[in-house]
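The file final_3.txt contains compact mmCIF, C-alpha atoms:
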# COMPACT_ATOMS: atom_id res chain seq x y z
CA MET A 1 -45.60 78.62 142.41
CA LEU A 2 -42.62 80.57 143.71
CA GLY A 3 -40.28 80.24 140.77
CA VAL A 4 -38.09 77.63 142.53
CA SER A 5 -37.78 73.92 141.94
CA GLU A 6 -38.35 72.77 145.51
CA PRO A 7 -41.90 72.66 146.95
CA ARG A 8 -43.17 75.44 149.16
CA ARG A 9 -42.53 74.76 152.82
CA SER A 10 -44.56 75.74 155.85
CA ILE A 11 -43.13 78.47 158.06
CA ARG A 12 -43.20 77.90 161.77
CA GLY A 13 -45.73 80.18 163.47
CA ARG A 14 -47.30 81.32 160.21
CA GLY A 15 -50.47 80.25 158.44
CA SER A 16 -49.30 81.38 154.99
CA ALA A 17 -46.12 80.24 153.29
CA HIS A 18 -45.74 83.04 150.75
CA ASN A 19 -46.96 86.43 149.58
CA PRO A 20 -49.20 86.11 146.51
CA ALA A 21 -49.46 89.10 144.16
CA ASN A 22 -51.74 91.97 145.16
CA ARG A 23 -54.80 91.96 142.87
CA PHE A 24 -54.87 95.78 142.76
CA LEU A 25 -51.24 96.31 141.74
CA PRO A 26 -49.95 95.89 138.16
CA LEU A 27 -46.47 94.89 139.35
CA ALA A 28 -45.35 91.89 141.37
CA VAL A 29 -41.95 90.84 142.68
CA GLU A 30 -40.55 87.60 141.22
CA ARG A 31 -37.72 86.28 143.37
CA GLU A 32 -34.99 84.30 141.65
CA ALA A 33 -31.67 82.70 142.54
CA TRP A 34 -32.58 81.93 146.12
CA THR A 35 -33.43 78.81 148.08
CA LEU A 36 -36.09 78.32 150.70
CA ALA A 37 -33.46 77.25 153.21
CA SER A 38 -31.64 80.58 152.91
CA ASP A 39 -34.73 82.79 152.87
CA PRO A 40 -35.27 84.24 156.38
CA ASP A 41 -38.63 83.71 158.04
CA PRO A 42 -40.60 86.97 158.20
CA ARG A 43 -40.55 88.83 161.49
CA THR A 44 -43.56 90.76 162.69
CA GLU A 45 -43.40 94.46 161.86
CA ILE A 46 -45.69 96.97 163.59
CA LEU A 47 -46.73 99.97 161.49
CA GLU A 48 -48.64 102.99 162.79
CA ASP A 49 -52.10 103.54 161.31
CA ARG A 50 -53.12 107.17 161.75
CA SER A 51 -56.81 106.74 160.97
CA ARG A 52 -58.98 109.77 161.69
CA SER A 53 -61.96 107.74 162.88
CA ILE A 54 -62.29 104.40 164.64
CA ILE A 55 -65.93 103.24 164.32
CA SER A 56 -66.91 101.41 161.13
CA TYR A 57 -70.44 100.76 159.97
CA ASN A 58 -71.97 98.06 157.79
CA ASN A 59 -75.41 97.26 156.43
CA SER A 60 -74.96 93.51 155.95
CA PRO A 61 -78.18 91.71 156.94
CA ASP A 62 -76.40 88.57 158.16
CA LEU A 63 -73.73 90.07 160.43
CA GLY A 64 -75.87 90.79 163.47
CA PHE A 65 -74.25 94.15 164.26
CA ASP A 66 -74.07 97.58 162.64
CA ALA A 67 -70.98 99.18 164.20
CA SER A 68 -67.51 97.89 165.06
CA LEU A 69 -64.06 99.10 165.99
CA ASN A 70 -60.79 97.49 164.98
CA PRO A 71 -57.65 98.50 166.92
CA TYR A 72 -55.48 96.60 164.43
CA ARG A 73 -55.37 95.87 160.70
CA GLY A 74 -53.80 92.54 159.86
CA CYS A 75 -53.59 89.75 162.43
CA GLU A 76 -50.55 87.97 163.81
CA THR A 77 -52.77 85.05 164.89
CA GLY A 78 -52.14 83.73 161.38
CA CYS A 79 -55.35 81.79 160.72
CA SER A 80 -54.84 80.20 157.32
CA TYR A 81 -58.52 80.59 156.39
CA CYS A 82 -59.11 84.19 157.57
CA TYR A 83 -61.74 85.94 155.45
CA ALA A 84 -60.18 89.33 156.34
CA ARG A 85 -56.87 88.66 154.57
CA PRO A 86 -57.85 90.53 151.36
CA THR A 87 -58.26 93.78 153.34
CA HIS A 88 -54.46 94.11 153.42
CA GLU A 89 -54.45 94.47 149.65
CA TYR A 90 -56.06 97.91 149.99
CA PHE A 91 -52.77 99.08 151.55
CA GLY A 92 -50.56 97.73 148.77
CA LEU A 93 -49.68 94.63 150.81
CA SER A 94 -50.30 90.93 150.30
CA ALA A 95 -53.10 88.82 151.74
CA GLY A 96 -50.49 86.17 152.51
CA LEU A 97 -47.55 86.60 154.88
CA ASP A 98 -47.93 90.39 154.90
CA PHE A 99 -51.35 90.07 156.55
CA GLU A 100 -49.91 88.23 159.54
CA SER A 101 -46.46 89.81 159.75
CA ARG A 102 -47.06 93.49 158.90
CA ILE A 103 -49.58 94.71 161.47
CA LEU A 104 -51.07 98.18 161.28
CA ALA A 105 -51.76 99.35 164.84
CA LYS A 106 -53.99 102.33 165.61
CA PRO A 107 -52.29 104.16 168.49
CA GLU A 108 -54.95 106.86 168.69
CA ALA A 109 -57.88 104.41 168.76
CA PRO A 110 -58.79 105.05 172.43
CA ALA A 111 -58.71 108.84 171.96
CA LEU A 112 -60.71 108.61 168.72
CA LEU A 113 -63.25 106.36 170.42
CA ARG A 114 -63.57 108.79 173.32
CA ARG A 115 -64.16 111.64 170.89
CA GLU A 116 -66.81 109.76 168.90
CA LEU A 117 -68.70 108.55 171.98
CA ALA A 118 -68.64 112.06 173.44
CA SER A 119 -70.12 113.58 170.29
CA PRO A 120 -73.81 114.62 170.44
CA ARG A 121 -74.17 112.76 167.14
CA TRP A 122 -73.32 109.40 168.72
CA LYS A 123 -76.31 107.08 169.04
CA PRO A 124 -75.55 104.61 171.87
CA GLN A 125 -75.48 101.11 170.40
CA VAL A 126 -73.56 97.85 170.52
CA LEU A 127 -70.00 98.06 169.24
CA VAL A 128 -68.23 94.88 168.19
CA LEU A 129 -64.55 94.38 168.97
CA SER A 130 -63.43 93.83 166.39
CA GLY A 131 -65.34 92.23 163.54
CA VAL A 132 -62.32 91.94 161.24
CA THR A 133 -59.10 91.05 163.08
CA ASP A 134 -58.62 89.64 166.58
CA PRO A 135 -58.45 92.44 169.18
CA TYR A 136 -56.35 90.21 171.48
CA GLN A 137 -53.77 89.06 168.94
CA PRO A 138 -50.19 88.74 170.31
CA VAL A 139 -49.22 92.39 169.77
CA GLU A 140 -51.98 93.46 172.18
CA ARG A 141 -49.86 92.17 175.06
CA ARG A 142 -47.29 94.86 174.34
CA LEU A 143 -49.42 97.73 173.03
CA GLY A 144 -52.63 97.37 175.06
CA ILE A 145 -54.74 99.33 172.58
CA THR A 146 -57.77 97.07 173.01
CA ARG A 147 -57.63 97.43 176.77
CA ARG A 148 -57.52 101.21 176.55
CA CYS A 149 -60.53 101.14 174.21
CA LEU A 150 -62.36 99.00 176.77
CA GLU A 151 -61.53 101.55 179.46
CA VAL A 152 -63.38 104.17 177.40
CA LEU A 153 -66.32 101.84 176.79
CA ALA A 154 -66.54 100.95 180.49
CA GLU A 155 -66.46 104.62 181.48
CA ALA A 156 -69.24 105.38 178.99
CA ARG A 157 -71.13 102.15 179.77
CA ASN A 158 -71.49 101.63 176.03
CA PRO A 159 -72.39 98.02 175.16
CA VAL A 160 -69.71 95.95 173.44
CA GLY A 161 -69.48 92.47 171.94
CA ILE A 162 -66.05 90.82 171.77
CA VAL A 163 -64.95 87.96 169.52
CA THR A 164 -61.52 86.40 170.07
CA LYS A 165 -59.40 83.27 169.93
CA HIS A 166 -57.12 84.41 172.74
CA HIS A 167 -56.99 83.71 176.47
CA ARG A 168 -55.58 87.24 176.79
CA VAL A 169 -59.17 88.54 177.05
CA THR A 170 -59.18 87.35 180.69
CA ARG A 171 -56.64 90.07 181.55
CA ASN A 172 -59.48 92.54 181.10
CA ILE A 173 -61.95 90.83 183.43
CA ASP A 174 -61.97 93.90 185.69
CA LEU A 175 -63.32 96.08 182.86
CA LEU A 176 -65.63 93.39 181.51
CA ARG A 177 -67.13 92.85 184.96
CA GLU A 178 -67.84 96.58 185.22
CA LEU A 179 -69.62 96.52 181.85
CA ALA A 180 -71.54 93.40 182.86
CA ARG A 181 -73.05 95.36 185.78
CA TYR A 182 -74.98 97.33 183.18
CA ASN A 183 -75.77 94.42 180.84
CA ALA A 184 -73.33 95.98 178.39
CA VAL A 185 -70.96 93.19 177.36
CA ARG A 186 -70.79 89.74 175.83
CA VAL A 187 -67.71 87.73 174.86
CA GLN A 188 -67.51 84.95 172.27
CA LEU A 189 -64.53 82.58 172.17
CA SER A 190 -64.06 81.08 168.70
CA ILE A 191 -63.12 77.40 168.72
CA THR A 192 -62.45 75.72 165.39
CA THR A 193 -61.10 72.41 166.62
CA LEU A 194 -60.17 70.61 169.85
CA ASP A 195 -57.31 68.83 168.08
CA ARG A 196 -54.19 70.57 169.37
CA SER A 197 -52.03 69.36 166.49
CA LEU A 198 -54.47 70.61 163.85
CA GLN A 199 -55.05 73.90 165.69
CA ARG A 200 -51.33 74.63 165.78
CA LYS A 201 -51.26 74.45 161.99
CA LEU A 202 -54.59 76.20 161.35
CA GLU A 203 -54.20 79.05 163.83
CA PRO A 204 -50.49 79.07 164.70
CA ARG A 205 -50.46 82.00 167.14
CA ALA A 206 -53.89 81.60 168.72
CA SER A 207 -54.45 80.26 172.22
CA THR A 208 -54.75 76.50 172.46
CA PRO A 209 -58.26 74.99 172.60
CA GLU A 210 -57.70 74.21 176.29
CA ARG A 211 -56.81 77.83 177.02
CA ARG A 212 -59.88 79.10 175.17
CA LEU A 213 -62.09 76.80 177.23
CA ASP A 214 -60.34 78.07 180.35
CA ALA A 215 -61.11 81.62 179.23
CA ILE A 216 -64.79 80.71 178.92
CA ALA A 217 -64.72 79.25 182.44
CA ARG A 218 -62.99 82.30 183.93
CA LEU A 219 -65.35 84.75 182.28
CA ALA A 220 -68.41 82.74 183.30
CA ASP A 221 -67.16 82.53 186.91
CA ALA A 222 -66.76 86.33 186.88
CA GLY A 223 -70.39 86.77 185.84
CA ILE A 224 -69.57 87.92 182.33
CA PRO A 225 -71.91 86.63 179.58
CA VAL A 226 -69.78 84.34 177.45
CA GLY A 227 -70.42 82.00 174.57
CA VAL A 228 -68.67 79.96 171.91
CA ASN A 229 -68.38 80.43 168.16
CA VAL A 230 -67.83 77.10 166.42
CA ALA A 231 -66.12 78.95 163.63
CA PRO A 232 -65.27 78.37 161.02
CA VAL A 233 -66.72 74.93 160.40
CA ILE A 234 -64.40 73.40 157.80
CA PRO A 235 -66.30 70.70 155.89
CA GLY A 236 -64.43 67.44 155.66
CA LEU A 237 -61.93 68.56 158.29
CA THR A 238 -63.59 69.86 161.48
CA ASP A 239 -67.38 69.47 161.01
CA HIS A 240 -67.38 66.17 162.93
CA GLU A 241 -66.08 68.02 166.03
CA ILE A 242 -69.20 70.17 166.47
CA PRO A 243 -70.76 67.99 169.24
CA ALA A 244 -67.47 67.71 171.15
CA ILE A 245 -66.79 71.46 170.97
CA LEU A 246 -70.29 72.29 172.22
CA GLU A 247 -70.01 69.75 175.04
CA ALA A 248 -66.67 71.16 176.19
CA ALA A 249 -67.89 74.76 175.93
CA ALA A 250 -71.09 73.99 177.86
CA LYS A 251 -69.09 72.36 180.66
CA ALA A 252 -66.88 75.46 180.80
CA GLY A 253 -69.92 77.71 181.21
CA ALA A 254 -70.80 78.97 177.71
CA GLY A 255 -74.34 80.33 177.65
CA ARG A 256 -74.58 80.89 173.92
CA ALA A 257 -73.35 79.13 170.78
CA ILE A 258 -73.33 79.89 167.08
CA TYR A 259 -71.52 78.42 164.08
CA ILE A 260 -70.22 79.89 160.84
CA MET A 261 -69.28 77.92 157.75
CA LEU A 262 -65.85 78.49 156.23
CA ARG A 263 -65.72 81.53 153.91
CA LEU A 264 -63.04 81.89 151.23
CA PRO A 265 -63.47 85.26 149.47
CA PHE A 266 -61.11 86.54 146.78
CA GLY A 267 -57.54 85.27 147.18
CA VAL A 268 -58.24 83.43 150.45
CA ALA A 269 -59.39 80.39 148.46
CA ALA A 270 -55.97 79.94 146.83
CA LEU A 271 -54.17 80.58 150.14
CA PHE A 272 -56.29 78.03 151.97
CA GLU A 273 -55.92 75.46 149.20
CA ASP A 274 -52.15 75.90 149.42
CA TRP A 275 -52.38 75.38 153.21
CA LEU A 276 -54.47 72.24 152.73
CA ARG A 277 -52.06 70.66 150.28
CA ARG A 278 -49.10 71.40 152.56
CA ASN A 279 -50.68 70.26 155.84
CA CYS A 280 -53.53 67.87 155.01
CA PRO A 281 -52.75 66.45 151.55
CA ASP A 282 -54.83 63.33 152.19
CA ARG A 283 -57.96 65.39 152.92
CA ALA A 284 -57.46 68.35 150.59
CA GLY A 285 -59.62 66.93 147.80
CA LYS A 286 -62.47 66.06 150.16
CA VAL A 287 -62.48 69.49 151.79
CA LEU A 288 -62.44 71.36 148.48
CA ASN A 289 -65.18 69.19 146.99
CA ARG A 290 -67.36 69.75 150.06
CA MET A 291 -66.79 73.49 149.80
CA ARG A 292 -67.92 73.47 146.17
CA GLU A 293 -70.98 71.43 147.16
CA LEU A 294 -71.86 74.10 149.74
CA ARG A 295 -71.25 77.02 147.38
CA GLY A 296 -73.06 75.98 144.22
CA GLY A 297 -69.95 74.62 142.48
CA SER A 298 -67.55 77.41 143.52
CA LEU A 299 -65.28 77.75 146.53
CA TYR A 300 -67.12 80.89 147.61
CA ALA A 301 -70.50 82.55 147.18
CA SER A 302 -71.27 85.96 148.67
CA THR A 303 -75.07 85.71 148.73
CA PHE A 304 -76.51 87.15 151.95
CA GLY A 305 -78.23 84.45 153.98
CA GLU A 306 -76.01 81.74 152.48
CA ARG A 307 -72.45 82.95 152.86
CA MET A 308 -72.39 82.13 156.60
CA ARG A 309 -74.08 78.74 156.25
CA GLY A 310 -73.82 77.45 152.69
CA ARG A 311 -76.62 75.64 150.90
CA GLY A 312 -77.63 72.15 149.91
CA PRO A 313 -77.88 68.79 151.75
CA PHE A 314 -74.54 69.03 153.50
CA ALA A 315 -75.32 72.52 154.82
CA GLU A 316 -78.62 71.20 156.16
CA GLN A 317 -76.84 68.27 157.77
CA VAL A 318 -74.40 70.58 159.59
CA ALA A 319 -77.26 72.81 160.76
CA ARG A 320 -79.14 69.81 162.21
CA LEU A 321 -76.02 68.43 163.86
CA PHE A 322 -75.31 71.78 165.50
CA SER A 323 -78.91 72.26 166.65
CA LEU A 324 -79.14 68.78 168.17
CA ALA A 325 -75.77 69.03 169.91
CA ARG A 326 -76.58 72.46 171.30
CA ALA A 327 -79.87 71.19 172.74
CA LYS A 328 -78.23 68.03 174.13
CA HIS A 329 -75.67 70.03 176.08
CA GLY A 330 -78.14 72.58 177.41
CA ILE A 331 -77.07 75.67 175.49
CA GLU A 332 -80.17 77.69 174.76
CA PRO A 333 -80.65 79.13 171.23
CA ARG A 334 -80.69 82.69 172.53
CA ASP A 335 -78.83 85.94 172.09
CA TYR A 336 -77.59 88.35 174.72
CA ASP A 337 -79.75 91.47 174.48
CA LEU A 338 -77.26 94.13 175.49
CA SER A 339 -78.47 97.45 176.87
CA ALA A 340 -77.41 101.01 176.11
CA GLU A 341 -79.79 102.59 178.62
CA HIS A 342 -76.98 103.36 181.09
CA PHE A 343 -74.78 105.10 178.53
CA ARG A 344 -73.13 108.36 179.58
CA PRO A 345 -70.75 110.42 177.42
CA PRO A 346 -67.13 109.90 178.46
CA ARG A 347 -65.12 112.79 179.86
CA ALA A 348 -62.42 114.46 177.78
CA GLY A 349 -58.99 112.90 178.21
CA PRO A 350 -55.42 112.99 176.90
CA GLN A 351 -54.35 111.13 173.79
CA LEU A 352 -51.91 108.26 174.17
CA GLY A 353 -49.10 107.33 171.81
CA LEU A 354 -48.36 103.93 170.37
CA PHE A 355 -45.72 103.16 172.99
CA ASP A 356 -46.43 104.70 176.40
CA GLU A 357 -43.92 104.75 179.24
CA SER A 358 -45.49 101.76 180.95
CA GLY A 359 -44.58 99.60 177.96
CA GLY A 360 -48.14 98.74 176.98
CA GLU A 361 -51.00 96.90 178.62
CA PRO A 362 -51.32 97.43 182.38
CA ARG A 363 -52.39 94.76 184.80
Take the structure from the file and write it as structure tokens.
Amino acid sequence: MLGVSEPRRSIRGRGSAHNPANRFLPLAVEREAWTLASDPDPRTEILEDRSRSIISYNNSPDLGFDASLNPYRGCETGCSYCYARPTHEYFGLSAGLDFESRILAKPEAPALLRRELASPRWKPQVLVLSGVTDPYQPVERRLGITRRCLEVLAEARNPVGIVTKHHRVTRNIDLLRELARYNAVRVQLSITTLDRSLQRKLEPRASTPERRLDAIARLADAGIPVGVNVAPVIPGLTDHEIPAILEAAAKAGAGRAIYIMLRLPFGVAALFEDWLRRNCPDRAGKVLNRMRELRGGSLYASTFGERMRGRGPFAEQVARLFSLARAKHGIEPRDYDLSAEHFRPPRAGPQLGLFDESGGEPR
């Protein structure tokens, strides 16, 4: 606990309620002689990340992509279950509140991307935006780093897959439509629940379910390949919503659908359990027991082939439910085969700073 007598409270607009100790650091701060009522809620702080490269590679057999780019580290969206939270510990920060309130932005990402795509060593292939944190999280409205990366990708006609929980992706329809001309883009909107009250607690700074469905409709109307990720499926909490989510997404125009079971690596398990007991105390036991049933008695298992789906009777039940609902609502079990045949190296261009004179994202 926090070293205080009163129970931990939820913080408006945040998924976490505290900063647990960093597993890599030998020291931790113990706060004494303070009350929760007098402790100020954390404000979002933007830090500059001066990375020297922007494209990351993986060899995971169950991810479905090899290369990705992440304009931001940390995510203000604040999803309580986010599997990426432990990445903040590599920077001496916490996977809790730090992850969603101390955002590392990469101001040189567009210039770095331009340089890497222009290199003779670059092999044209699908890039995923962003694979770790949401490229359209709230800070994108002000900084516009994702949009400027898309400008480079559209100029080069390099294929890109986008995963987001934010309606803000529709502000880039002009660039996405240009990429779609060359079969070089797909967008996936992640929808965890259609329950607005639950979503506000689970994903406090994400777009509402209605807005995400509207984003699907707008992208589909613009001729941009768009689908839905029913992700994560939280057993005992949101699994029963799979048919309703697929029905709503199909009506909006989703042409593809996948699901991913909840993943709780490293300290995320304790953070999510804390969230459950604060927000859904009547269902916490059921959810945790179901998770252990899916993961061979633990809250997480990293085995390739199982970590995205789980194992056992309940995992099979969810898979059948998803498959039947997808077929019922006419969403074909297909992927979008993106093309790199129209790729052309981008021209050389100036680097942009974190805050340009326009104040961030244009249009």
Skipping near chain neighbours, those fewer than 3 positions away, what residues fall within 12 Å of A:His240 using all atoms listed in the file, listed as a compact mmCIF listing (two decimals) with C-alpha atoms, keeping the file's coordinate frame?
# COMPACT_ATOMS: atom_id res chain seq x y z
CA THR A 192 -62.45 75.72 165.39
CA THR A 193 -61.10 72.41 166.62
CA LEU A 194 -60.17 70.61 169.85
CA ASP A 195 -57.31 68.83 168.08
CA VAL A 230 -67.83 77.10 166.42
CA VAL A 233 -66.72 74.93 160.40
CA ILE A 234 -64.40 73.40 157.80
CA PRO A 235 -66.30 70.70 155.89
CA GLY A 236 -64.43 67.44 155.66
CA LEU A 237 -61.93 68.56 158.29
CA PRO A 243 -70.76 67.99 169.24
CA ALA A 244 -67.47 67.71 171.15
CA ILE A 245 -66.79 71.46 170.97
CA LEU A 246 -70.29 72.29 172.22
CA GLN A 317 -76.84 68.27 157.77
CA VAL A 318 -74.40 70.58 159.59
CA LEU A 321 -76.02 68.43 163.86
CA PHE A 322 -75.31 71.78 165.50
CA ALA A 325 -75.77 69.03 169.91
When you count all atoms listed in the file, which of these residues is closest to A:Phe99: A:Glu45, A:Glu151, A:Asp337, A:Glu140?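 Among the listed residues, the smallest separation from A:Phe99 belongs to A:Glu45.
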When distances are computed from only C-alpha atoms, which of A:Leu338, A:Leu176, A:Val187, A:Leu25 shows the smallest separation from A:Gly92?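 Checking each of A:Leu338, A:Leu176, A:Val187, A:Leu25 against A:Gly92, counting only C-alpha atoms, the winner is A:Leu25.
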Quick one: pull the distance between atom CA of A:Ser101 and atom CA of A:Ile260, Å, one decimal.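 Value for the atom CA of A:Ser101-atom CA of A:Ile260 distance: 25.8 Å.
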Got a sec: who's within 10 Å of A:Leu262, counting all atoms listed in the file, leaving out chain neighbours fewer than 3 positions off, as a VMD selection string? chain A and resid 81 to 83 231 to 235 259 265 291 294 299 to 300 307 to 310
Grab the atom CA of A:Gly96 to atom CA of A:Met261 distance for me, in Å with one decimal place. 21.2 Å
Is it possible to get the residues within 12 Å of (-68.0, 77.2, 177.3) (coordinates as in the file, counting only C-alpha atoms) written as a PyMOL selection string? chain A and resi 187-191+209-221+224-230+244-258+326+329-331
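Picture a line from atom CA of A:Val163 to atom CA of A:Glu108; it runs 21.4 Å.
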Neighbouring residues of stretch 13-21 of chain A were defined as those with any atom within 10 Å, considering all atoms listed in the file; residues of the same chain fewer than 4 positions away were excluded. Please report them as a PyMOL selection string. chain A and resi 1-2+8-9+25-30+41-42+76-82+89+92-101+200-206+267+270-272+274-275+278
Which residue is closest to A:Pro135? Choose from A:Asn183, A:Ser68, A:Asn289, A:Asn279 and count all atoms listed in the file. A:Ser68
Using only C-alpha atoms, find the one residue out of A:Asn70, A:Ala301, A:Leu264, A:Gly161 that sits nearest to A:Asp335.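 Closest residue, counting only C-alpha atoms: A:Gly161.
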Of the residues A:Leu129, A:Ile162, A:Val152, A:Cys75, which is the one nearest to A:Leu113, using only C-alpha atoms?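 Using only C-alpha atoms, the shortest distance to A:Leu113 belongs to A:Val152.
Here the question is which of A:Gly131, A:Gly297, A:Pro138, A:Pro346 gets nearest to A:Ser207 using only C-alpha atoms, and that residue is A:Pro138.
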Which polymer residues have any atom within 10 Å of an atom of A:Leu112, counting only C-alpha atoms, with same-chain residues fewer than 3 positions away left out, as a ChimeraX atom specification? /A:51-55,106-109,115-118,149,351
Spatial neighbours of A:Leu288, max dist 8 Å, all atoms listed in the file, sep filter under 4 positions, as a PyMOL selection string: chain A and resi 273+284+292+299
Any chance you can output those residues with C-alpha atoms as a tab-separated table (two decimals), keeping the file's coordinate frame?
chain	number	residue	atom	x	y	z
A	273	GLU	CA	-55.92	75.46	149.20
A	284	ALA	CA	-57.46	68.35	150.59
A	292	ARG	CA	-67.92	73.47	146.17
A	299	LEU	CA	-65.28	77.75	146.53
